[in-house]
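Enquirer: Handing over work.cif, mmCIF, C-alpha atoms and all ligand atoms.
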```
data_work
loop_
_atom_site.group_PDB
_atom_site.id
_atom_site.type_symbol
_atom_site.label_atom_id
_atom_site.label_comp_id
_atom_site.auth_asym_id
_atom_site.auth_seq_id
_atom_site.Cartn_x
_atom_site.Cartn_y
_atom_site.Cartn_z
ATOM 1 C CA MET O 1 -19.165 -0.602 -5.461
ATOM 2 C CA LEU O 2 -15.422 -1.108 -5.921
ATOM 3 C CA LYS O 3 -14.164 -4.377 -4.462
ATOM 4 C CA ILE O 4 -10.720 -4.084 -2.872
ATOM 5 C CA GLY O 5 -8.155 -6.674 -1.824
ATOM 6 C CA VAL O 6 -5.613 -5.401 0.714
ATOM 7 C CA LEU O 7 -2.110 -6.817 1.227
ATOM 8 C CA VAL O 8 -0.516 -6.231 4.638
ATOM 9 C CA SER O 9 2.432 -7.383 6.736
ATOM 10 C CA GLY O 10 2.418 -5.265 9.893
ATOM 11 C CA GLY O 11 0.476 -2.951 12.149
ATOM 12 C CA GLY O 12 -2.174 -2.197 9.579
ATOM 13 C CA THR O 13 -2.707 1.486 10.351
ATOM 14 C CA ASN O 14 -3.115 2.163 6.632
ATOM 15 C CA LEU O 15 -5.666 -0.649 6.432
ATOM 16 C CA GLN O 16 -7.424 1.039 9.370
ATOM 17 C CA ALA O 17 -7.469 4.356 7.502
ATOM 18 C CA ILE O 18 -9.216 2.640 4.580
ATOM 19 C CA ILE O 19 -11.714 0.900 6.889
ATOM 20 C CA ASP O 20 -12.451 4.205 8.681
ATOM 21 C CA SER O 21 -13.017 6.052 5.399
ATOM 22 C CA ILE O 22 -15.478 3.379 4.279
ATOM 23 C CA GLU O 23 -17.305 3.307 7.628
ATOM 24 C CA GLN O 24 -17.520 7.121 7.706
ATOM 25 C CA GLY O 25 -19.092 7.094 4.252
ATOM 26 C CA LYS O 26 -16.196 8.979 2.650
ATOM 27 C CA LEU O 27 -15.197 6.061 0.446
ATOM 28 C CA SER O 28 -17.638 3.923 -1.449
ATOM 29 C CA ALA O 29 -15.818 0.588 -1.576
ATOM 30 C CA GLN O 30 -15.842 -2.862 -0.024
ATOM 31 C CA ILE O 31 -12.788 -4.704 1.296
ATOM 32 C CA VAL O 32 -13.359 -8.261 0.080
ATOM 33 C CA SER O 33 -10.140 -9.713 1.499
ATOM 34 C CA VAL O 34 -7.179 -8.790 3.671
ATOM 35 C CA VAL O 35 -4.128 -10.944 2.976
ATOM 36 C CA SER O 36 -1.199 -10.902 5.379
ATOM 37 C CA SER O 37 2.302 -12.247 4.795
ATOM 38 C CA SER O 38 2.844 -12.552 8.542
ATOM 39 C CA VAL O 39 0.896 -14.342 11.247
ATOM 40 C CA LYS O 40 1.966 -11.657 13.738
ATOM 41 C CA ALA O 41 0.520 -8.760 11.758
ATOM 42 C CA PHE O 42 -1.851 -6.719 13.918
ATOM 43 C CA ALA O 43 -3.599 -5.880 10.652
ATOM 44 C CA LEU O 44 -5.257 -9.327 10.868
ATOM 45 C CA LYS O 45 -6.878 -8.342 14.167
ATOM 46 C CA ARG O 46 -8.087 -5.072 12.693
ATOM 47 C CA ALA O 47 -9.763 -6.947 9.832
ATOM 48 C CA GLU O 48 -11.348 -9.410 12.258
ATOM 49 C CA ARG O 49 -12.721 -6.584 14.449
ATOM 50 C CA HIS O 50 -14.491 -5.108 11.453
ATOM 51 C CA GLY O 51 -15.815 -8.426 10.142
ATOM 52 C CA ILE O 52 -13.541 -8.418 7.088
ATOM 53 C CA PRO O 53 -12.325 -11.820 5.833
ATOM 54 C CA ALA O 54 -8.581 -12.146 6.462
ATOM 55 C CA TYR O 55 -6.096 -14.739 5.244
ATOM 56 C CA LEU O 56 -2.479 -15.703 5.806
ATOM 57 C CA TYR O 57 -0.314 -16.249 2.703
ATOM 58 C CA ARG O 58 3.339 -16.803 3.593
ATOM 59 C CA LYS O 59 5.937 -17.229 0.877
ATOM 60 C CA LYS O 60 7.662 -19.937 2.903
ATOM 61 C CA ASP O 61 4.570 -22.156 2.696
ATOM 62 C CA PHE O 62 4.934 -22.374 -1.097
ATOM 63 C CA ASN O 63 7.492 -24.217 -3.256
ATOM 64 C CA ASN O 64 8.628 -21.097 -5.066
ATOM 65 C CA ASN O 65 7.710 -17.515 -5.845
ATOM 66 C CA SER O 66 5.664 -18.454 -8.899
ATOM 67 C CA ASP O 67 3.422 -20.782 -6.868
ATOM 68 C CA TYR O 68 3.009 -18.049 -4.238
ATOM 69 C CA GLU O 69 1.982 -15.452 -6.792
ATOM 70 C CA LYS O 70 -0.362 -17.881 -8.572
ATOM 71 C CA ALA O 71 -2.094 -18.596 -5.265
ATOM 72 C CA LEU O 72 -2.527 -14.866 -4.597
ATOM 73 C CA ILE O 73 -3.875 -14.273 -8.119
ATOM 74 C CA THR O 74 -6.403 -17.104 -7.737
ATOM 75 C CA HIS O 75 -7.406 -15.860 -4.305
ATOM 76 C CA PHE O 76 -8.079 -12.284 -5.345
ATOM 77 C CA ASN O 77 -9.861 -13.371 -8.527
ATOM 78 C CA GLU O 78 -12.120 -15.681 -6.522
ATOM 79 C CA LYS O 79 -12.879 -12.777 -4.197
ATOM 80 C CA GLY O 80 -13.696 -10.557 -7.164
ATOM 81 C CA ALA O 81 -11.123 -7.918 -6.186
ATOM 82 C CA GLU O 82 -11.001 -5.103 -8.732
ATOM 83 C CA LEU O 83 -8.210 -3.144 -7.029
ATOM 84 C CA ILE O 84 -5.286 -4.496 -4.997
ATOM 85 C CA VAL O 85 -3.943 -2.161 -2.303
ATOM 86 C CA MET O 86 -0.487 -2.800 -0.881
ATOM 87 C CA ALA O 87 -0.736 -1.252 2.578
ATOM 88 C CA GLY O 88 2.605 -1.925 4.214
ATOM 89 C CA PHE O 89 3.155 -5.237 2.404
ATOM 90 C CA MET O 90 6.759 -6.300 2.930
ATOM 91 C CA VAL O 91 6.992 -8.855 0.101
ATOM 92 C CA ILE O 92 8.162 -7.780 -3.337
ATOM 93 C CA LEU O 93 5.771 -9.185 -5.932
ATOM 94 C CA GLU O 94 7.111 -10.027 -9.340
ATOM 95 C CA ASN O 95 5.845 -10.011 -12.902
ATOM 96 C CA GLU O 96 3.232 -12.744 -12.634
ATOM 97 C CA PHE O 97 1.136 -10.987 -10.004
ATOM 98 C CA ILE O 98 1.724 -7.495 -11.371
ATOM 99 C CA ASN O 99 0.762 -8.502 -14.916
ATOM 100 C CA ALA O 100 -2.362 -10.286 -13.672
ATOM 101 C CA PHE O 101 -3.642 -7.036 -12.152
ATOM 102 C CA GLU O 102 -2.057 -4.546 -14.539
ATOM 103 C CA ASN O 103 -2.820 -0.939 -13.555
ATOM 104 C CA ARG O 104 -4.980 -2.256 -10.722
ATOM 105 C CA ILE O 105 -2.389 -2.432 -7.925
ATOM 106 C CA ILE O 106 -1.480 0.574 -5.803
ATOM 107 C CA ASN O 107 1.149 0.961 -3.095
ATOM 108 C CA ILE O 108 1.842 3.485 -0.339
ATOM 109 C CA HIS O 109 5.495 4.457 0.118
ATOM 110 C CA PRO O 110 6.642 6.625 3.042
ATOM 111 C CA SER O 111 8.721 9.199 1.133
ATOM 112 C CA LEU O 112 8.342 11.674 -1.697
ATOM 113 C CA ILE O 113 9.283 9.410 -4.625
ATOM 114 C CA PRO O 114 11.843 9.526 -6.318
ATOM 115 C CA SER O 115 13.665 10.250 -3.034
ATOM 116 C CA PHE O 116 14.408 7.375 -0.668
ATOM 117 C CA CYS O 117 12.780 4.622 -2.661
ATOM 118 C CA GLY O 118 13.636 1.473 -4.573
ATOM 119 C CA GLU O 119 15.325 -1.660 -3.301
ATOM 120 C CA GLY O 120 16.261 -1.608 0.372
ATOM 121 C CA PHE O 121 14.050 1.371 1.180
ATOM 122 C CA TYR O 122 11.278 0.023 3.341
ATOM 123 C CA GLY O 123 9.952 0.545 6.873
ATOM 124 C CA LEU O 124 12.149 2.595 9.184
ATOM 125 C CA ASN O 125 15.085 2.539 6.700
ATOM 126 C CA VAL O 126 13.312 5.145 4.607
ATOM 127 C CA HIS O 127 13.069 7.609 7.492
ATOM 128 C CA GLU O 128 16.636 6.878 8.655
ATOM 129 C CA ALA O 129 17.862 7.719 5.151
ATOM 130 C CA ALA O 130 15.862 10.959 5.100
ATOM 131 C CA LEU O 131 17.298 11.994 8.476
ATOM 132 C CA ASP O 132 20.847 11.021 7.411
ATOM 133 C CA LYS O 133 20.522 13.220 4.338
ATOM 134 C CA GLY O 134 19.181 16.115 6.413
ATOM 135 C CA VAL O 135 16.170 16.803 4.207
ATOM 136 C CA LYS O 136 13.783 19.367 5.670
ATOM 137 C CA VAL O 137 10.704 17.971 3.977
ATOM 138 C CA THR O 138 9.684 14.374 3.378
ATOM 139 C CA GLY O 139 6.258 12.794 2.908
ATOM 140 C CA ALA O 140 4.407 9.910 1.326
ATOM 141 C CA THR O 141 3.461 8.736 -2.155
ATOM 142 C CA VAL O 142 0.687 6.527 -3.519
ATOM 143 C CA HIS O 143 1.574 5.033 -6.885
ATOM 144 C CA PHE O 144 0.554 2.309 -9.271
ATOM 145 C CA VAL O 145 2.745 -0.773 -9.010
ATOM 146 C CA THR O 146 4.807 -1.794 -12.024
ATOM 147 C CA ASN O 147 7.670 -4.259 -12.453
ATOM 148 C CA GLU O 148 10.167 -1.699 -11.213
ATOM 149 C CA THR O 149 10.147 -1.165 -7.423
ATOM 150 C CA ASP O 150 8.551 2.166 -6.412
ATOM 151 C CA ALA O 151 8.764 3.483 -9.981
ATOM 152 C CA GLY O 152 5.151 3.217 -11.192
ATOM 153 C CA PRO O 153 2.937 6.198 -12.087
ATOM 154 C CA ILE O 154 2.421 8.523 -9.124
ATOM 155 C CA ILE O 155 -1.179 9.099 -8.035
ATOM 156 C CA LEU O 156 -0.871 11.363 -4.980
ATOM 157 C CA GLN O 157 1.894 12.801 -2.807
ATOM 158 C CA LYS O 158 1.803 14.781 0.417
ATOM 159 C CA ALA O 159 4.692 16.615 2.043
ATOM 160 C CA VAL O 160 5.542 16.499 5.762
ATOM 161 C CA ASP O 161 8.058 18.680 7.635
ATOM 162 C CA VAL O 162 11.133 17.090 9.191
ATOM 163 C CA LEU O 163 11.832 18.597 12.631
ATOM 164 C CA ASP O 164 15.194 19.099 14.346
ATOM 165 C CA ASN O 165 15.009 16.391 16.951
ATOM 166 C CA ASP O 166 13.211 13.754 14.904
ATOM 167 C CA THR O 167 14.119 10.108 15.357
ATOM 168 C CA PRO O 168 13.193 7.642 12.595
ATOM 169 C CA GLU O 169 10.284 6.432 14.757
ATOM 170 C CA VAL O 170 8.930 9.940 15.420
ATOM 171 C CA LEU O 171 9.244 10.894 11.762
ATOM 172 C CA GLN O 172 7.595 7.642 10.647
ATOM 173 C CA ARG O 173 4.609 8.369 12.874
ATOM 174 C CA ARG O 174 4.255 11.958 11.611
ATOM 175 C CA VAL O 175 4.441 10.810 7.969
ATOM 176 C CA MET O 176 1.700 8.272 8.663
ATOM 177 C CA GLU O 177 -0.560 10.701 10.543
ATOM 178 C CA GLU O 178 -0.141 13.695 8.252
ATOM 179 C CA ALA O 179 0.240 11.989 4.886
ATOM 180 C CA GLU O 180 -0.277 8.224 4.508
ATOM 181 C CA TRP O 181 -3.634 7.894 6.255
ATOM 182 C CA ALA O 182 -5.021 10.757 4.148
ATOM 183 C CA ILE O 183 -3.693 10.017 0.676
ATOM 184 C CA LEU O 184 -4.221 6.246 0.580
ATOM 185 C CA PRO O 185 -8.035 6.356 1.024
ATOM 186 C CA GLU O 186 -8.144 9.416 -1.264
ATOM 187 C CA ALA O 187 -6.277 7.557 -4.038
ATOM 188 C CA ILE O 188 -8.691 4.627 -3.701
ATOM 189 C CA ARG O 189 -11.612 7.051 -3.964
ATOM 190 C CA LEU O 190 -10.190 8.539 -7.180
ATOM 191 C CA PHE O 191 -9.710 5.023 -8.605
ATOM 192 C CA ALA O 192 -13.241 4.019 -7.566
ATOM 193 C CA GLU O 193 -14.639 7.072 -9.325
ATOM 194 C CA ASN O 194 -12.693 6.215 -12.506
ATOM 195 C CA ARG O 195 -10.817 9.493 -12.273
ATOM 196 C CA LEU O 196 -7.289 8.168 -12.835
ATOM 197 C CA VAL O 197 -5.925 7.858 -16.352
ATOM 198 C CA ILE O 198 -2.439 6.477 -16.977
ATOM 199 C CA ASP O 199 -0.735 8.158 -19.888
ATOM 200 C CA LYS O 200 3.000 7.606 -20.680
ATOM 201 C CA ASN O 201 3.797 6.407 -17.147
ATOM 202 C CA LYS O 202 2.074 9.445 -15.621
ATOM 203 C CA VAL O 203 -1.304 9.733 -13.965
ATOM 204 C CA ARG O 204 -3.725 12.326 -15.243
ATOM 205 C CA ARG O 205 -6.620 13.118 -12.932
ATOM 206 C CA LEU O 206 -10.062 13.650 -14.417
HETATM 207 C C1 LIG R 301 3.896 2.405 6.255
HETATM 208 O O1 LIG R 301 4.834 3.351 6.614
HETATM 209 C C2 LIG R 301 3.925 2.203 4.769
HETATM 210 O O2 LIG R 301 4.144 3.372 4.068
HETATM 211 C C3 LIG R 301 5.088 1.280 4.633
HETATM 212 O O3 LIG R 301 4.970 0.386 5.717
HETATM 213 C C4 LIG R 301 4.277 1.038 6.784
HETATM 214 C C5 LIG R 301 3.070 0.190 7.118
HETATM 215 O O4 LIG R 301 2.391 0.602 8.231
HETATM 216 N N1 LIG R 301 5.138 0.695 3.327
HETATM 217 P P1 LIG R 301 0.992 -0.029 8.615
HETATM 218 O O5 LIG R 301 1.141 -1.545 8.608
HETATM 219 O O6 LIG R 301 -0.036 0.427 7.617
HETATM 220 O O7 LIG R 301 0.703 0.487 9.987
#
```
As a first step, turn the structure in this file into structure tokens.
Ligand code: GRF
Expert:
Amino acid sequence: MLKIGVLVSGGGTNLQAIIDSIEQGKLSAQIVSVVSSSVKAFALKRAERHGIPAYLYRKKDFNNNSDYEKALITHFNEKGAELIVMAGFMVILENEFINAFENRIINIHPSLIPSFCGEGFYGLNVHEAALDKGVKVTGATVHFVTNETDAGPIILQKAVDVLDNDTPEVLQRRVMEEAEWAILPEAIRLFAENRLVIDKNKVRRL
């Protein structure tokens, strides 16, 4: 069974979607560790409620970024994690971590990449930008993580309508409900079943 490490920083609704898929028997995987960058993250409580080991790794508790990434690499290796899932993780990880788990880190981004992504596009900002532009459709993307922010091979995308009176908060919720919570567990399932092949920065599905 695929062993997963999950990185979180906030509410953890995407973590919950993964937990629910596993508990409902739709996803054959085991979460071996939830790592949070914030002590306030409700995601930690969710892990606790489901008996999943959870840990706090804050950048500020380490001398520098390299020490932080080394600690995370050691942690996930000790846990035997075969796939790292960034589920609302608000820290940008650099080469050391990404190279250590090459092609084994996935991220969920709340837009249809390549729109509204890259540096500065995180959390509510993404939905504010979509509303400012007046797009009629937005959505979510699950992709492999590479050294370039939000630019790795795309695994799954799902579109969501933008409605006339949407606020960033309302749109964020709809994107989560209609897209994120569906495609993140589905992407993990495809990875677990060895059905994702990366070829020239694109994902081919078997
Ligand atoms: C989600 O919108 C995710 O796409 C983004 O951060 C949010 C995290 O939400 N990267 P949650 O912590 O999973 O509830």
Enquirer: Using only C-alpha atoms and all ligand atoms, which residue out of O:His109, O:Lys79, O:Lys45, O:Lys40 lies closest to ligand LIG 301 (chain R)?
Expert: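 With only C-alpha atoms and all ligand atoms as the atom set, the closest residue is O:His109.
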Enquirer: Write out as JSON lines the residues of chain O that have any atom within 7 Å of an atom of ligand LIG 301 (chain R), one row each with the nearest atom pair and its distance in Å to one decimal, counting all atoms listed in the file, sorted by chain and then rising number.
Expert:
```
{"residue": "O:Val8", "atom": "CA", "partner": "R:LIG301", "partner_atom": "O5", "distance": 6.4}
{"residue": "O:Ser9", "atom": "CA", "partner": "R:LIG301", "partner_atom": "O5", "distance": 6.3}
{"residue": "O:Gly10", "atom": "CA", "partner": "R:LIG301", "partner_atom": "O5", "distance": 4.1}
{"residue": "O:Gly11", "atom": "CA", "partner": "R:LIG301", "partner_atom": "O5", "distance": 3.9}
{"residue": "O:Gly12", "atom": "CA", "partner": "R:LIG301", "partner_atom": "O5", "distance": 3.5}
{"residue": "O:Thr13", "atom": "CA", "partner": "R:LIG301", "partner_atom": "O7", "distance": 3.6}
{"residue": "O:Asn14", "atom": "CA", "partner": "R:LIG301", "partner_atom": "O6", "distance": 3.7}
{"residue": "O:Leu15", "atom": "CA", "partner": "R:LIG301", "partner_atom": "O6", "distance": 5.9}
{"residue": "O:Ala43", "atom": "CA", "partner": "R:LIG301", "partner_atom": "O5", "distance": 6.7}
{"residue": "O:Ala87", "atom": "CA", "partner": "R:LIG301", "partner_atom": "O6", "distance": 5.4}
{"residue": "O:Gly88", "atom": "CA", "partner": "R:LIG301", "partner_atom": "C5", "distance": 3.6}
{"residue": "O:Phe89", "atom": "CA", "partner": "R:LIG301", "partner_atom": "N1", "distance": 6.3}
{"residue": "O:Ile108", "atom": "CA", "partner": "R:LIG301", "partner_atom": "O2", "distance": 5.0}
{"residue": "O:His109", "atom": "CA", "partner": "R:LIG301", "partner_atom": "O2", "distance": 4.3}
{"residue": "O:Pro110", "atom": "CA", "partner": "R:LIG301", "partner_atom": "O2", "distance": 4.2}
{"residue": "O:Tyr122", "atom": "CA", "partner": "R:LIG301", "partner_atom": "N1", "distance": 6.2}
{"residue": "O:Gly123", "atom": "CA", "partner": "R:LIG301", "partner_atom": "O3", "distance": 5.1}
{"residue": "O:Gln172", "atom": "CA", "partner": "R:LIG301", "partner_atom": "O1", "distance": 6.5}
{"residue": "O:Met176", "atom": "CA", "partner": "R:LIG301", "partner_atom": "O1", "distance": 6.2}
{"residue": "O:Glu180", "atom": "CA", "partner": "R:LIG301", "partner_atom": "O2", "distance": 6.6}
```
Enquirer: Using the selection just defined, write its residues with C-alpha atoms as a tab-separated table (two decimals), in the frame of the given file.
Expert:
```tsv
chain	number	residue	atom	x	y	z
O	8	VAL	CA	-0.52	-6.23	4.64
O	9	SER	CA	2.43	-7.38	6.74
O	10	GLY	CA	2.42	-5.26	9.89
O	11	GLY	CA	0.48	-2.95	12.15
O	12	GLY	CA	-2.17	-2.20	9.58
O	13	THR	CA	-2.71	1.49	10.35
O	14	ASN	CA	-3.12	2.16	6.63
O	15	LEU	CA	-5.67	-0.65	6.43
O	43	ALA	CA	-3.60	-5.88	10.65
O	87	ALA	CA	-0.74	-1.25	2.58
O	88	GLY	CA	2.60	-1.92	4.21
O	89	PHE	CA	3.16	-5.24	2.40
O	108	ILE	CA	1.84	3.48	-0.34
O	109	HIS	CA	5.50	4.46	0.12
O	110	PRO	CA	6.64	6.62	3.04
O	122	TYR	CA	11.28	0.02	3.34
O	123	GLY	CA	9.95	0.55	6.87
O	172	GLN	CA	7.60	7.64	10.65
O	176	MET	CA	1.70	8.27	8.66
O	180	GLU	CA	-0.28	8.22	4.51
```
Enquirer: When distances are computed from all atoms listed in the file, which of O:Asn95, O:Asn201, O:Ser37, O:Gln157 shows the smallest separation from Ser66 of chain O?
Expert: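 Ranking O:Asn95, O:Asn201, O:Ser37, O:Gln157 by distance to Ser66 of chain O, first place goes to O:Asn95.
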Enquirer: For segment 197-199 of chain O, work out the shell of residues within 10 Å, counting all atoms listed in the file and skipping chain neighbours fewer than 4 positions away, then give it as an MDAnalysis selection string.
Expert: chainID O and resid 103 144 153:155 191 203:206
Enquirer: Which residues, written as a list in words, have at least one atom at most 7 Å from Lys158 of chain O, with all atoms listed in the file counted and residues fewer than 6 positions away on the same chain left out?
Expert: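 My list of contacting residues is Gly139, Ala140, Thr141 and Ala179 of chain O.
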Enquirer: For each of O:Asp150, O:Glu96, O:Asp166, O:Glu23, take the minimum atom-to-atom distance to His127 of chain O, counting all atoms listed in the file, then give the residue where this is smallest.
Expert: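 Nearest candidate to His127 of chain O out of O:Asp150, O:Glu96, O:Asp166, O:Glu23: O:Asp166.
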Enquirer: What would the selection look like, as a list in words, if the PyMOL selection byres (((chain O and resi 171) around 10) and not hetatm) were run on the coordinates I just shared?
Expert: Leu124, His127, Glu128, Ala130, Leu131, Thr138, Gly139, Val160, Asp161, Val162, Leu163, Asn165, Asp166, Thr167, Pro168, Glu169, Val170, Gln172, Arg173, Arg174, Val175, Met176 and Glu177 of chain O
Enquirer: Would you output that residue set with C-alpha atoms, as a CSV table (one decimal), in the frame of the given file?
Expert:
```
chain,number,residue,atom,x,y,z
O,124,LEU,CA,12.1,2.6,9.2
O,127,HIS,CA,13.1,7.6,7.5
O,128,GLU,CA,16.6,6.9,8.7
O,130,ALA,CA,15.9,11.0,5.1
O,131,LEU,CA,17.3,12.0,8.5
O,138,THR,CA,9.7,14.4,3.4
O,139,GLY,CA,6.3,12.8,2.9
O,160,VAL,CA,5.5,16.5,5.8
O,161,ASP,CA,8.1,18.7,7.6
O,162,VAL,CA,11.1,17.1,9.2
O,163,LEU,CA,11.8,18.6,12.6
O,165,ASN,CA,15.0,16.4,17.0
O,166,ASP,CA,13.2,13.8,14.9
O,167,THR,CA,14.1,10.1,15.4
O,168,PRO,CA,13.2,7.6,12.6
O,169,GLU,CA,10.3,6.4,14.8
O,170,VAL,CA,8.9,9.9,15.4
O,172,GLN,CA,7.6,7.6,10.6
O,173,ARG,CA,4.6,8.4,12.9
O,174,ARG,CA,4.3,12.0,11.6
O,175,VAL,CA,4.4,10.8,8.0
O,176,MET,CA,1.7,8.3,8.7
O,177,GLU,CA,-0.6,10.7,10.5
```
Enquirer: What does the distance between atom CA of Thr74 of chain O and atom CA of Glu48 of chain O come to in Å, to one decimal place?
Expert: 22.0 Å
